[in-house]
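Q: Next up, query-v4.txt (compact mmCIF, C-alpha atoms).
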# COMPACT_ATOMS: atom_id res chain seq x y z
CA MET D 1 -3.74 19.96 -1.75
CA ASP D 2 -0.35 21.24 -0.52
CA ARG D 3 -0.04 18.30 1.89
CA LEU D 4 -0.52 15.89 -1.02
CA ILE D 5 1.98 17.73 -3.21
CA GLN D 6 4.59 17.39 -0.46
CA LYS D 7 4.17 13.61 -0.73
CA ILE D 8 5.24 13.58 -4.39
CA ARG D 9 8.97 13.11 -4.70
CA ASN D 10 10.94 14.60 -7.56
CA ILE D 11 13.55 12.20 -8.98
CA PRO D 12 15.89 13.95 -11.42
CA ASP D 13 17.10 12.05 -14.50
CA PHE D 14 14.78 9.04 -14.08
CA PRO D 15 14.18 6.86 -16.04
CA LYS D 16 16.61 8.75 -18.28
CA LYS D 17 18.68 11.95 -18.29
CA GLY D 18 16.65 15.12 -18.52
CA VAL D 19 13.40 13.61 -17.22
CA ALA D 20 12.14 14.78 -13.79
CA PHE D 21 10.20 11.74 -12.57
CA LYS D 22 7.26 12.26 -10.20
CA ASP D 23 7.44 9.50 -7.58
CA ILE D 24 4.05 9.04 -5.90
CA THR D 25 5.12 6.19 -3.60
CA PRO D 26 5.48 8.50 -0.54
CA LEU D 27 1.84 9.50 -1.04
CA LEU D 28 0.69 5.88 -1.43
CA GLN D 29 2.51 4.64 1.66
CA ASP D 30 1.06 7.38 3.87
CA ALA D 31 -2.39 6.08 4.87
CA SER D 32 -4.02 9.49 5.28
CA SER D 33 -2.64 10.92 2.01
CA PHE D 34 -3.65 7.80 0.09
CA LYS D 35 -7.17 8.01 1.50
CA ARG D 36 -7.46 11.76 0.93
CA ALA D 37 -6.34 11.52 -2.70
CA ILE D 38 -8.94 8.84 -3.45
CA LEU D 39 -11.74 10.72 -1.70
CA LEU D 40 -10.94 13.94 -3.57
CA LEU D 41 -10.85 12.12 -6.92
CA ALA D 42 -14.07 10.26 -6.15
CA GLU D 43 -15.84 13.46 -5.07
CA HIS D 44 -15.51 14.77 -8.61
CA TYR D 45 -17.54 11.85 -9.99
CA ARG D 46 -20.18 11.40 -7.28
CA ASN D 47 -22.96 12.66 -9.54
CA SER D 48 -21.65 11.11 -12.78
CA LYS D 49 -22.97 7.91 -14.28
CA VAL D 50 -19.97 5.56 -14.38
CA SER D 51 -20.24 1.83 -15.06
CA SER D 52 -16.54 0.92 -14.92
CA LEU D 53 -13.12 2.43 -14.45
CA VAL D 54 -10.29 1.61 -16.84
CA SER D 55 -6.64 2.01 -15.90
CA VAL D 56 -3.26 0.98 -17.24
CA GLU D 57 -0.44 -1.07 -15.76
CA SER D 58 1.42 -0.88 -13.55
CA ARG D 59 1.23 2.31 -11.49
CA GLY D 60 -2.21 3.27 -12.76
CA PHE D 61 -3.59 0.08 -11.19
CA ILE D 62 -2.88 1.27 -7.65
CA LEU D 63 -4.92 4.47 -7.32
CA GLY D 64 -7.18 3.34 -10.17
CA ALA D 65 -8.37 0.24 -8.33
CA ALA D 66 -8.87 2.10 -5.05
CA LEU D 67 -10.85 4.78 -6.91
CA ALA D 68 -13.03 2.18 -8.64
CA TYR D 69 -13.64 0.58 -5.23
CA GLU D 70 -14.60 3.91 -3.63
CA LEU D 71 -16.95 4.70 -6.54
CA GLY D 72 -18.49 1.22 -6.31
CA VAL D 73 -17.77 0.35 -9.95
CA GLY D 74 -15.88 -2.45 -11.69
CA PHE D 75 -12.21 -2.24 -12.59
CA ILE D 76 -10.89 -2.98 -16.09
CA PRO D 77 -7.14 -3.36 -16.65
CA VAL D 78 -5.35 -2.21 -19.80
CA ARG D 79 -2.05 -4.01 -20.21
CA LYS D 80 1.05 -4.40 -22.32
CA PRO D 81 0.91 -6.99 -25.12
CA GLY D 82 0.69 -10.65 -24.13
CA LYS D 83 -0.33 -10.05 -20.52
CA LEU D 84 -4.11 -10.37 -20.78
CA PRO D 85 -5.01 -14.03 -21.25
CA TYR D 86 -8.38 -13.80 -23.07
CA LYS D 87 -9.45 -12.23 -26.41
CA VAL D 88 -8.09 -8.71 -26.73
CA GLU D 89 -8.46 -5.53 -28.72
CA ARG D 90 -5.21 -3.59 -29.12
CA ILE D 91 -3.91 -0.20 -30.15
CA SER D 92 -0.44 1.13 -30.98
CA TYR D 93 0.56 4.73 -30.39
CA ASN D 94 3.62 6.90 -30.85
CA LEU D 95 6.04 7.69 -28.05
CA GLU D 96 8.81 10.30 -28.15
CA TYR D 97 11.03 7.54 -29.53
CA GLY D 98 9.39 4.52 -31.10
CA GLU D 99 5.91 3.25 -30.30
CA ASP D 100 3.98 1.33 -27.68
CA THR D 101 1.04 -1.07 -27.78
CA ILE D 102 -1.65 -1.68 -25.16
CA GLU D 103 -4.45 -4.23 -24.92
CA ILE D 104 -7.88 -4.66 -23.31
CA HIS D 105 -10.14 -7.71 -23.01
CA THR D 106 -12.89 -7.54 -25.66
CA ASP D 107 -15.51 -8.71 -23.14
CA ALA D 108 -14.61 -5.98 -20.63
CA ILE D 109 -16.83 -3.30 -22.18
CA LYS D 110 -20.27 -3.49 -23.78
CA LYS D 111 -21.65 -0.92 -26.24
CA GLY D 112 -22.79 2.18 -24.36
CA ASP D 113 -20.93 1.44 -21.11
CA GLU D 114 -19.94 4.66 -19.31
CA ILE D 115 -16.20 4.48 -18.77
CA LEU D 116 -14.00 6.57 -16.50
CA VAL D 117 -10.35 6.48 -17.59
CA PHE D 118 -7.69 6.93 -14.89
CA ASP D 119 -3.91 7.22 -14.84
CA ASP D 120 -1.67 8.46 -12.06
CA VAL D 121 0.29 11.00 -14.10
CA ILE D 122 -0.46 12.74 -17.40
CA ALA D 123 2.69 13.80 -19.20
CA THR D 124 2.40 14.12 -23.00
CA GLY D 125 -1.04 12.46 -22.98
CA GLY D 126 -0.24 9.74 -25.50
CA THR D 127 -1.15 6.83 -23.22
CA ALA D 128 -4.43 8.37 -22.04
CA GLN D 129 -5.41 9.15 -25.62
CA ALA D 130 -4.70 5.55 -26.64
CA ILE D 131 -6.78 4.21 -23.75
CA CYS D 132 -9.74 6.39 -24.76
CA ARG D 133 -9.55 5.12 -28.34
CA LEU D 134 -9.35 1.53 -27.11
CA VAL D 135 -12.46 2.03 -24.98
CA GLU D 136 -14.28 3.53 -27.96
CA LYS D 137 -13.20 0.67 -30.24
CA LEU D 138 -15.24 -1.59 -27.95
CA GLY D 139 -18.25 0.74 -28.05
CA GLY D 140 -17.68 2.30 -24.63
CA VAL D 141 -18.38 5.97 -23.92
CA VAL D 142 -15.59 7.85 -22.15
CA VAL D 143 -17.43 9.92 -19.53
CA GLY D 144 -14.24 11.29 -17.96
CA VAL D 145 -10.47 11.10 -17.97
CA CYS D 146 -8.78 11.71 -14.65
CA PHE D 147 -5.31 11.88 -13.19
CA LEU D 148 -3.69 12.32 -9.81
CA VAL D 149 -0.99 14.56 -11.30
CA GLU D 150 -0.92 16.69 -14.44
CA LEU D 151 2.42 17.99 -15.71
CA THR D 152 0.89 21.11 -17.23
CA TYR D 153 4.03 22.17 -19.16
CA LEU D 154 3.86 19.00 -21.30
CA LYS D 155 0.39 20.01 -22.59
CA GLY D 156 -1.01 16.47 -22.51
CA ARG D 157 -4.51 18.01 -22.40
CA ASP D 158 -4.16 18.99 -26.05
CA LYS D 159 -4.33 15.31 -27.02
CA LEU D 160 -7.58 14.84 -25.07
CA LYS D 161 -9.75 17.56 -26.63
CA GLY D 162 -13.45 16.83 -26.38
CA TYR D 163 -13.11 14.75 -23.21
CA ASP D 164 -14.02 15.82 -19.70
CA ILE D 165 -10.61 16.00 -17.97
CA PHE D 166 -9.92 16.26 -14.24
CA SER D 167 -6.51 16.32 -12.57
CA LEU D 168 -6.24 16.59 -8.80
CA ILE D 169 -2.74 18.10 -8.70
CA LYS D 170 -1.28 20.37 -11.38
CA LEU D 171 2.50 20.69 -11.43
CA GLY D 172 4.44 23.29 -13.41
CA LYS D 173 8.12 23.14 -14.26
CA MET J 1 -18.00 -17.78 -2.23
CA ASP J 2 -19.44 -19.76 -5.17
CA ARG J 3 -20.50 -16.55 -6.90
CA LEU J 4 -16.94 -15.28 -6.70
CA ILE J 5 -15.49 -18.55 -7.98
CA GLN J 6 -17.75 -18.32 -11.03
CA LYS J 7 -16.08 -15.03 -11.86
CA ILE J 8 -12.65 -16.64 -12.15
CA ARG J 9 -11.97 -17.77 -15.69
CA ASN J 10 -9.81 -20.77 -16.45
CA ILE J 11 -7.44 -20.20 -19.38
CA PRO J 12 -5.74 -23.42 -20.48
CA ASP J 13 -2.11 -23.28 -21.65
CA PHE J 14 -1.45 -19.67 -20.62
CA PRO J 15 1.16 -18.22 -20.43
CA LYS J 16 2.61 -21.55 -21.60
CA LYS J 17 1.51 -25.09 -22.42
CA GLY J 18 0.37 -27.12 -19.42
CA VAL J 19 -0.40 -24.13 -17.19
CA ALA J 20 -4.05 -23.50 -16.30
CA PHE J 21 -4.12 -19.73 -15.76
CA LYS J 22 -6.68 -18.24 -13.35
CA ASP J 23 -8.00 -15.06 -14.93
CA ILE J 24 -9.55 -12.79 -12.29
CA THR J 25 -10.53 -9.97 -14.69
CA PRO J 26 -14.22 -11.06 -14.83
CA LEU J 27 -14.32 -10.69 -11.03
CA LEU J 28 -12.64 -7.27 -11.12
CA GLN J 29 -14.91 -5.85 -13.81
CA ASP J 30 -18.07 -6.91 -11.97
CA ALA J 31 -18.66 -4.14 -9.42
CA SER J 32 -20.44 -6.30 -6.84
CA SER J 33 -17.92 -9.16 -7.01
CA PHE J 34 -14.99 -6.74 -6.76
CA LYS J 35 -16.55 -5.09 -3.70
CA ARG J 36 -17.47 -8.38 -2.08
CA ALA J 37 -13.97 -9.85 -2.49
CA ILE J 38 -12.39 -6.80 -0.87
CA LEU J 39 -14.87 -6.74 2.03
CA LEU J 40 -14.34 -10.45 2.73
CA LEU J 41 -10.55 -10.06 2.66
CA ALA J 42 -10.72 -6.96 4.87
CA GLU J 43 -13.01 -8.66 7.36
CA HIS J 44 -10.25 -11.10 8.18
CA TYR J 45 -7.95 -8.28 9.34
CA ARG J 46 -10.42 -5.95 11.09
CA ASN J 47 -8.95 -6.74 14.50
CA SER J 48 -5.33 -7.00 13.40
CA LYS J 49 -2.77 -4.27 13.83
CA VAL J 50 -1.62 -3.44 10.29
CA SER J 51 0.43 -0.36 9.41
CA SER J 52 0.83 -0.94 5.67
CA LEU J 53 0.00 -3.40 2.93
CA VAL J 54 2.68 -4.59 0.51
CA SER J 55 1.84 -6.02 -2.90
CA VAL J 56 3.64 -6.88 -6.10
CA GLU J 57 3.20 -5.70 -9.68
CA SER J 58 1.18 -5.84 -11.76
CA ARG J 59 -1.96 -7.81 -10.91
CA GLY J 60 -1.33 -7.74 -7.16
CA PHE J 61 -1.62 -3.94 -7.27
CA ILE J 62 -5.31 -4.03 -8.20
CA LEU J 63 -6.93 -5.88 -5.31
CA GLY J 64 -3.99 -5.01 -3.05
CA ALA J 65 -4.56 -1.26 -3.37
CA ALA J 66 -8.32 -1.57 -2.90
CA LEU J 67 -7.73 -3.75 0.18
CA ALA J 68 -5.26 -1.24 1.66
CA TYR J 69 -7.81 1.50 1.03
CA GLU J 70 -10.62 -0.44 2.72
CA LEU J 71 -8.37 -1.20 5.71
CA GLY J 72 -7.30 2.46 5.92
CA VAL J 73 -3.58 1.68 5.66
CA GLY J 74 -0.80 2.79 3.31
CA PHE J 75 0.13 0.89 0.16
CA ILE J 76 3.71 -0.16 -0.62
CA PRO J 77 4.56 -1.46 -4.12
CA VAL J 78 7.11 -4.21 -4.76
CA ARG J 79 8.35 -4.05 -8.35
CA LYS J 80 10.60 -5.63 -10.93
CA PRO J 81 14.17 -4.30 -11.13
CA GLY J 82 14.67 -0.75 -12.34
CA LYS J 83 11.05 0.36 -11.91
CA LEU J 84 11.22 2.00 -8.48
CA PRO J 85 13.02 5.33 -8.79
CA TYR J 86 14.43 5.81 -5.26
CA LYS J 87 16.85 3.77 -3.10
CA VAL J 88 15.86 0.10 -3.12
CA GLU J 89 16.45 -3.17 -1.31
CA ARG J 90 16.24 -6.22 -3.59
CA ILE J 91 15.97 -9.98 -3.41
CA SER J 92 16.37 -12.74 -6.00
CA TYR J 93 14.51 -16.04 -5.83
CA ASN J 94 14.24 -19.22 -7.83
CA LEU J 95 11.50 -19.91 -10.34
CA GLU J 96 10.75 -23.22 -11.99
CA TYR J 97 13.17 -22.18 -14.72
CA GLY J 98 15.68 -19.46 -13.92
CA GLU J 99 15.27 -16.78 -11.28
CA ASP J 100 13.49 -13.51 -10.66
CA THR J 101 14.36 -10.33 -8.73
CA ILE J 102 12.04 -7.89 -6.97
CA GLU J 103 12.67 -4.55 -5.29
CA ILE J 104 11.17 -2.31 -2.59
CA HIS J 105 11.95 1.28 -1.60
CA THR J 106 14.17 1.30 1.50
CA ASP J 107 12.17 4.16 3.05
CA ALA J 108 8.86 2.32 2.66
CA ILE J 109 9.16 0.35 5.91
CA LYS J 110 10.52 1.28 9.34
CA LYS J 111 11.72 -1.22 11.93
CA GLY J 112 8.74 -2.81 13.65
CA ASP J 113 6.11 -1.79 11.07
CA GLU J 114 3.28 -4.33 10.89
CA ILE J 115 3.03 -5.44 7.29
CA LEU J 116 0.25 -7.31 5.54
CA VAL J 117 1.48 -9.01 2.35
CA PHE J 118 -1.04 -9.49 -0.46
CA ASP J 119 -1.02 -11.18 -3.86
CA ASP J 120 -3.95 -12.16 -6.04
CA VAL J 121 -2.94 -15.79 -6.60
CA ILE J 122 -0.61 -18.10 -4.68
CA ALA J 123 0.80 -20.84 -6.89
CA THR J 124 4.16 -22.29 -5.78
CA GLY J 125 4.61 -19.53 -3.18
CA GLY J 126 8.02 -18.35 -4.36
CA THR J 127 7.02 -14.74 -4.92
CA ALA J 128 5.15 -14.41 -1.62
CA GLN J 129 8.11 -15.92 0.25
CA ALA J 130 10.47 -13.44 -1.44
CA ILE J 131 8.21 -10.50 -0.53
CA CYS J 132 8.15 -11.59 3.13
CA ARG J 133 11.95 -11.76 3.20
CA LEU J 134 12.22 -8.35 1.58
CA VAL J 135 9.89 -6.86 4.22
CA GLU J 136 11.97 -8.46 6.96
CA LYS J 137 15.23 -7.20 5.45
CA LEU J 138 13.90 -3.68 6.12
CA GLY J 139 12.93 -4.57 9.71
CA GLY J 140 9.22 -4.98 9.06
CA VAL J 141 7.10 -7.62 10.81
CA VAL J 142 4.89 -9.71 8.52
CA VAL J 143 1.58 -9.89 10.41
CA GLY J 144 -0.21 -11.76 7.66
CA VAL J 145 0.05 -13.06 4.09
CA CYS J 146 -3.17 -13.10 2.11
CA PHE J 147 -4.41 -14.08 -1.31
CA LEU J 148 -7.60 -13.94 -3.30
CA VAL J 149 -6.96 -17.42 -4.76
CA GLU J 150 -4.88 -20.33 -3.48
CA LEU J 151 -4.04 -23.15 -5.90
CA THR J 152 -3.90 -25.75 -3.15
CA TYR J 153 -2.38 -28.54 -5.31
CA LEU J 154 0.80 -26.49 -5.80
CA LYS J 155 1.43 -26.44 -2.03
CA GLY J 156 2.65 -22.84 -1.94
CA ARG J 157 1.78 -22.77 1.77
CA ASP J 158 4.78 -24.97 2.48
CA LYS J 159 7.07 -22.07 1.59
CA LEU J 160 5.30 -19.76 4.06
CA LYS J 161 5.59 -21.80 7.26
CA GLY J 162 5.44 -19.67 10.39
CA TYR J 163 3.35 -16.95 8.77
CA ASP J 164 -0.35 -16.32 9.29
CA ILE J 165 -1.86 -17.21 5.88
CA PHE J 166 -5.35 -16.43 4.62
CA SER J 167 -6.76 -17.22 1.17
CA LEU J 168 -10.31 -16.31 0.29
CA ILE J 169 -10.81 -18.91 -2.46
CA LYS J 170 -9.15 -22.32 -2.51
CA LEU J 171 -9.02 -24.07 -5.88
CA GLY J 172 -8.08 -27.71 -6.42
CA LYS J 173 -7.03 -29.28 -9.67
Could you quickly redo this structure as structure tokens?
A:
Amino acid sequence: MDRLIQKIRNIPDFPKKGVAFKDITPLLQDASSFKRAILLLAEHYRNSKVSSLVSVESRGFILGAALAYELGVGFIPVRKPGKLPYKVERISYNLEYGEDTIEIHTDAIKKGDEILVFDDVIATGGTAQAICRLVEKLGGVVVGVCFLVELTYLKGRDKLKGYDIFSLIKLGK
Amino acid sequence: MDRLIQKIRNIPDFPKKGVAFKDITPLLQDASSFKRAILLLAEHYRNSKVSSLVSVESRGFILGAALAYELGVGFIPVRKPGKLPYKVERISYNLEYGEDTIEIHTDAIKKGDEILVFDDVIATGGTAQAICRLVEKLGGVVVGVCFLVELTYLKGRDKLKGYDIFSLIKLGK
């Protein structure tokens, strides 16, 4: 895991002062790290019943799509308002300041579908929680919520109680 | 190929009147179509020397990342201004109305790197042309430019003269 952690770059004060941004692009652009991260994430779900993987734009799409491909399941995008062209279900959720809205195609999930939710980083957990609720609005069952990186000090896990959570890399302050 | 074409949904007047949008989400969410599209794209580059794949947010990230994974190469994101947190190179290019700017991390490509450029759809070709120029600004060599879907009637190919172009699905009007 240490080799993967070395490929995550710390960017102080991005996107705003006081935030230490975790830049995963060095990991993505290194072929062996990219492959290793996906294989380690996939390993965790080899014996799970998953019908599709859901992830959120834009960064979540990268590892999320490769993970869906490795698991041999379909990929369902969750996007910001107005980006998905067909009928959508939407949800709004609170951010530190203000709120955000995300959408999913209503025909992407059927009742009872086993959905794996992925995002690259879990910070406060608000986005992941909103994605889970969106999946459930369509009748999907969230069989797991997984992340490449968990910022443990932000306690995002607390928002995801009752879900099976897996994060490959845990980072403290 | 017909089975894949059936998974591309035509959305009239999206994002604006007169545009027939090609919605690839039905293809992505169908596990076997998603897999098949990636394997067919990858097949074309099995004997090519590729060091990394470059793709552009947001939709390009999905198939682009899965293709990079299947080819066993690194993935390099090109993004809208202000999204990449480290040092960037940027390029502006003309759209039908107005202009757009995209950025890439300067440390993503070294001189002589063999770069495969991917996007999901080629329409007028402006974005793909800009990505190729951005890669070359950093000293990379564009060894191929590939797309899931080519809208042949928009003649995007004309903007990519001199490059090796491959599109899996060609759609006429």
Q: For the reference chain J, what are the coordinates of chain D after least-squares fitting (all Cα, in-order pairing), as a short mmCIF file (atom, residue, chain, number, x, y, z; two decimals) with C-alpha atoms, in the coordinates of the input?
A:
data_model
loop_
_atom_site.label_atom_id
_atom_site.label_comp_id
_atom_site.auth_asym_id
_atom_site.auth_seq_id
_atom_site.Cartn_x
_atom_site.Cartn_y
_atom_site.Cartn_z
CA MET D 1 -17.97 -17.77 -2.23
CA ASP D 2 -19.43 -19.76 -5.16
CA ARG D 3 -20.50 -16.54 -6.90
CA LEU D 4 -16.91 -15.27 -6.71
CA ILE D 5 -15.48 -18.55 -7.97
CA GLN D 6 -17.75 -18.33 -11.02
CA LYS D 7 -16.07 -15.02 -11.86
CA ILE D 8 -12.63 -16.64 -12.15
CA ARG D 9 -11.97 -17.77 -15.69
CA ASN D 10 -9.81 -20.78 -16.45
CA ILE D 11 -7.44 -20.20 -19.40
CA PRO D 12 -5.75 -23.43 -20.50
CA ASP D 13 -2.12 -23.30 -21.66
CA PHE D 14 -1.47 -19.68 -20.62
CA PRO D 15 1.15 -18.24 -20.43
CA LYS D 16 2.61 -21.55 -21.60
CA LYS D 17 1.49 -25.10 -22.42
CA GLY D 18 0.38 -27.12 -19.44
CA VAL D 19 -0.40 -24.13 -17.20
CA ALA D 20 -4.08 -23.50 -16.30
CA PHE D 21 -4.13 -19.73 -15.78
CA LYS D 22 -6.66 -18.24 -13.35
CA ASP D 23 -8.01 -15.06 -14.94
CA ILE D 24 -9.55 -12.79 -12.30
CA THR D 25 -10.52 -9.98 -14.69
CA PRO D 26 -14.21 -11.07 -14.82
CA LEU D 27 -14.32 -10.69 -11.04
CA LEU D 28 -12.62 -7.27 -11.12
CA GLN D 29 -14.90 -5.86 -13.81
CA ASP D 30 -18.07 -6.92 -11.97
CA ALA D 31 -18.66 -4.13 -9.42
CA SER D 32 -20.43 -6.30 -6.85
CA SER D 33 -17.90 -9.16 -7.01
CA PHE D 34 -14.98 -6.74 -6.77
CA LYS D 35 -16.54 -5.09 -3.72
CA ARG D 36 -17.47 -8.39 -2.08
CA ALA D 37 -13.98 -9.84 -2.50
CA ILE D 38 -12.39 -6.79 -0.86
CA LEU D 39 -14.87 -6.74 2.02
CA LEU D 40 -14.34 -10.45 2.73
CA LEU D 41 -10.55 -10.05 2.67
CA ALA D 42 -10.71 -6.95 4.86
CA GLU D 43 -13.02 -8.66 7.37
CA HIS D 44 -10.25 -11.10 8.18
CA TYR D 45 -7.96 -8.28 9.33
CA ARG D 46 -10.42 -5.96 11.10
CA ASN D 47 -8.96 -6.74 14.52
CA SER D 48 -5.31 -7.01 13.41
CA LYS D 49 -2.76 -4.26 13.83
CA VAL D 50 -1.61 -3.43 10.29
CA SER D 51 0.43 -0.35 9.41
CA SER D 52 0.84 -0.94 5.67
CA LEU D 53 0.00 -3.39 2.94
CA VAL D 54 2.66 -4.59 0.51
CA SER D 55 1.83 -6.02 -2.90
CA VAL D 56 3.63 -6.88 -6.10
CA GLU D 57 3.20 -5.71 -9.68
CA SER D 58 1.19 -5.84 -11.75
CA ARG D 59 -1.95 -7.81 -10.90
CA GLY D 60 -1.32 -7.74 -7.16
CA PHE D 61 -1.61 -3.94 -7.26
CA ILE D 62 -5.30 -4.04 -8.20
CA LEU D 63 -6.94 -5.89 -5.30
CA GLY D 64 -3.99 -5.02 -3.05
CA ALA D 65 -4.55 -1.27 -3.35
CA ALA D 66 -8.32 -1.57 -2.89
CA LEU D 67 -7.73 -3.74 0.19
CA ALA D 68 -5.25 -1.25 1.66
CA TYR D 69 -7.81 1.51 1.03
CA GLU D 70 -10.61 -0.44 2.73
CA LEU D 71 -8.35 -1.20 5.72
CA GLY D 72 -7.31 2.46 5.92
CA VAL D 73 -3.58 1.70 5.66
CA GLY D 74 -0.80 2.79 3.31
CA PHE D 75 0.13 0.90 0.17
CA ILE D 76 3.71 -0.16 -0.63
CA PRO D 77 4.56 -1.46 -4.11
CA VAL D 78 7.11 -4.20 -4.76
CA ARG D 79 8.35 -4.06 -8.33
CA LYS D 80 10.60 -5.63 -10.92
CA PRO D 81 14.17 -4.30 -11.13
CA GLY D 82 14.66 -0.74 -12.35
CA LYS D 83 11.05 0.36 -11.90
CA LEU D 84 11.22 2.00 -8.47
CA PRO D 85 13.02 5.33 -8.79
CA TYR D 86 14.43 5.82 -5.25
CA LYS D 87 16.85 3.75 -3.10
CA VAL D 88 15.86 0.10 -3.10
CA GLU D 89 16.45 -3.17 -1.31
CA ARG D 90 16.24 -6.22 -3.57
CA ILE D 91 15.95 -9.98 -3.43
CA SER D 92 16.38 -12.74 -6.02
CA TYR D 93 14.50 -16.01 -5.84
CA ASN D 94 14.25 -19.21 -7.84
CA LEU D 95 11.48 -19.87 -10.34
CA GLU D 96 10.71 -23.22 -11.99
CA TYR D 97 13.16 -22.16 -14.71
CA GLY D 98 15.68 -19.47 -13.91
CA GLU D 99 15.26 -16.77 -11.29
CA ASP D 100 13.49 -13.49 -10.66
CA THR D 101 14.35 -10.33 -8.74
CA ILE D 102 12.04 -7.89 -6.97
CA GLU D 103 12.66 -4.54 -5.29
CA ILE D 104 11.16 -2.31 -2.59
CA HIS D 105 11.95 1.28 -1.59
CA THR D 106 14.18 1.30 1.51
CA ASP D 107 12.18 4.16 3.05
CA ALA D 108 8.86 2.32 2.66
CA ILE D 109 9.14 0.35 5.91
CA LYS D 110 10.52 1.29 9.32
CA LYS D 111 11.72 -1.22 11.93
CA GLY D 112 8.74 -2.81 13.67
CA ASP D 113 6.13 -1.79 11.08
CA GLU D 114 3.28 -4.33 10.91
CA ILE D 115 3.04 -5.43 7.30
CA LEU D 116 0.25 -7.30 5.54
CA VAL D 117 1.48 -9.00 2.35
CA PHE D 118 -1.05 -9.50 -0.47
CA ASP D 119 -1.01 -11.18 -3.86
CA ASP D 120 -3.94 -12.17 -6.04
CA VAL D 121 -2.94 -15.80 -6.60
CA ILE D 122 -0.60 -18.12 -4.69
CA ALA D 123 0.81 -20.85 -6.89
CA THR D 124 4.17 -22.29 -5.79
CA GLY D 125 4.62 -19.54 -3.18
CA GLY D 126 8.03 -18.36 -4.35
CA THR D 127 7.00 -14.74 -4.93
CA ALA D 128 5.15 -14.40 -1.61
CA GLN D 129 8.10 -15.90 0.24
CA ALA D 130 10.46 -13.43 -1.43
CA ILE D 131 8.21 -10.50 -0.52
CA CYS D 132 8.15 -11.58 3.13
CA ARG D 133 11.95 -11.77 3.22
CA LEU D 134 12.21 -8.35 1.59
CA VAL D 135 9.89 -6.86 4.21
CA GLU D 136 11.97 -8.45 6.97
CA LYS D 137 15.23 -7.18 5.44
CA LEU D 138 13.88 -3.68 6.12
CA GLY D 139 12.93 -4.56 9.70
CA GLY D 140 9.20 -4.97 9.05
CA VAL D 141 7.10 -7.61 10.79
CA VAL D 142 4.89 -9.70 8.52
CA VAL D 143 1.58 -9.89 10.41
CA GLY D 144 -0.23 -11.76 7.63
CA VAL D 145 0.04 -13.05 4.09
CA CYS D 146 -3.16 -13.10 2.11
CA PHE D 147 -4.40 -14.09 -1.31
CA LEU D 148 -7.60 -13.95 -3.31
CA VAL D 149 -6.95 -17.42 -4.75
CA GLU D 150 -4.88 -20.33 -3.50
CA LEU D 151 -4.04 -23.16 -5.90
CA THR D 152 -3.91 -25.77 -3.14
CA TYR D 153 -2.38 -28.54 -5.31
CA LEU D 154 0.80 -26.47 -5.81
CA LYS D 155 1.42 -26.44 -2.02
CA GLY D 156 2.64 -22.84 -1.94
CA ARG D 157 1.77 -22.78 1.78
CA ASP D 158 4.77 -24.98 2.49
CA LYS D 159 7.08 -22.08 1.59
CA LEU D 160 5.29 -19.77 4.05
CA LYS D 161 5.57 -21.80 7.27
CA GLY D 162 5.44 -19.67 10.39
CA TYR D 163 3.33 -16.94 8.76
CA ASP D 164 -0.36 -16.32 9.29
CA ILE D 165 -1.85 -17.21 5.88
CA PHE D 166 -5.35 -16.44 4.61
CA SER D 167 -6.74 -17.23 1.17
CA LEU D 168 -10.31 -16.30 0.29
CA ILE D 169 -10.80 -18.91 -2.45
CA LYS D 170 -9.13 -22.32 -2.51
CA LEU D 171 -9.02 -24.07 -5.88
CA GLY D 172 -8.09 -27.72 -6.41
CA LYS D 173 -7.07 -29.29 -9.69
#
Q: Give me, as a compact mmCIF listing (two decimals) with C-alpha atoms, keeping the file's coordinate frame, all polymer residues having an atom no more than 7 Å from D:Asp164, counting all atoms listed in the file and skipping those fewer than 3 positions away in the same chain.
A:
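Wrote part20.txt, looks like this:
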# COMPACT_ATOMS: atom_id res chain seq x y z
CA VAL D 143 -17.43 9.92 -19.53
CA GLY D 144 -14.24 11.29 -17.96
CA VAL D 145 -10.47 11.10 -17.97
Q: Using only C-alpha atoms, pick whichever of J:Arg133, J:His105, J:Lys35, J:Arg3 has the shortest atom-to-atom distance to D:Ala68.
A: J:Lys35
Q: Would you mind listing, as a list in words, all residues of chain D that have at least one atom within 6 Å of chain J, where all atoms listed in the file are what counts?
A: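 So the contacting residues turn out to be Leu28, Gln29, Asp30, Ala31, Ser58, Phe61, Ile62, Ala65, Ala66, Val73, Gly74, Phe75 and Ile76 of chain D.
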Q: Nearest to D:His44 among D:Leu116, D:Gly98, D:Ile8, D:Lys159, with distances taken over only C-alpha atoms: which residue is it?
A: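 Ranked by minimum distance to D:His44, first place goes to D:Leu116.
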Q: Suppose you want the space between atom CA of D:Thr124 and atom CA of D:Tyr97; what is it in Å?
A: 12.7 Å
Q: For atom CA of D:Thr106 and atom CA of D:Glu89, determine how far apart the two atoms are, in Å to one decimal place.
A: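 These two atoms are separated by 5.7 Å.
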Q: Around the point (-0.1, 15.3, -5.4) in the file's coordinates, collect all residues with an atom within 10 Å, using only C-alpha atoms, and return them as a PyMOL selection string.
A: chain D and resi 1-9+22-24+27+33-34+37+120-121+147-150+167-171
Q: Could you jot down the atom CA of D:Phe166 to atom CA of D:Lys16 separation for me, Å, one decimal place?
A: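 According to the coordinates, atom CA of D:Phe166 and atom CA of D:Lys16 are separated by 27.9 Å.
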Q: Which residues are close to J:Asp113, i.e. within 10 Å by all atoms listed in the file, leaving aside same-chain residues fewer than 6 positions away? Reply as a PyMOL selection string.
A: chain J and resi 49-52+135-136+138-143
Q: I'd like the contact shell of J:Ile102 - 10 Å cut-off, only C-alpha atoms, skipping same-chain residues fewer than 2 positions apart - returned as a list of chain:residue names.
A: J:Val56, J:Glu57, J:Val78, J:Arg79, J:Lys80, J:Pro81, J:Gly82, J:Lys83, J:Val88, J:Glu89, J:Arg90, J:Ile91, J:Ser92, J:Tyr93, J:Asp100, J:Ile104, J:Thr127, J:Ala130, J:Ile131, J:Leu134
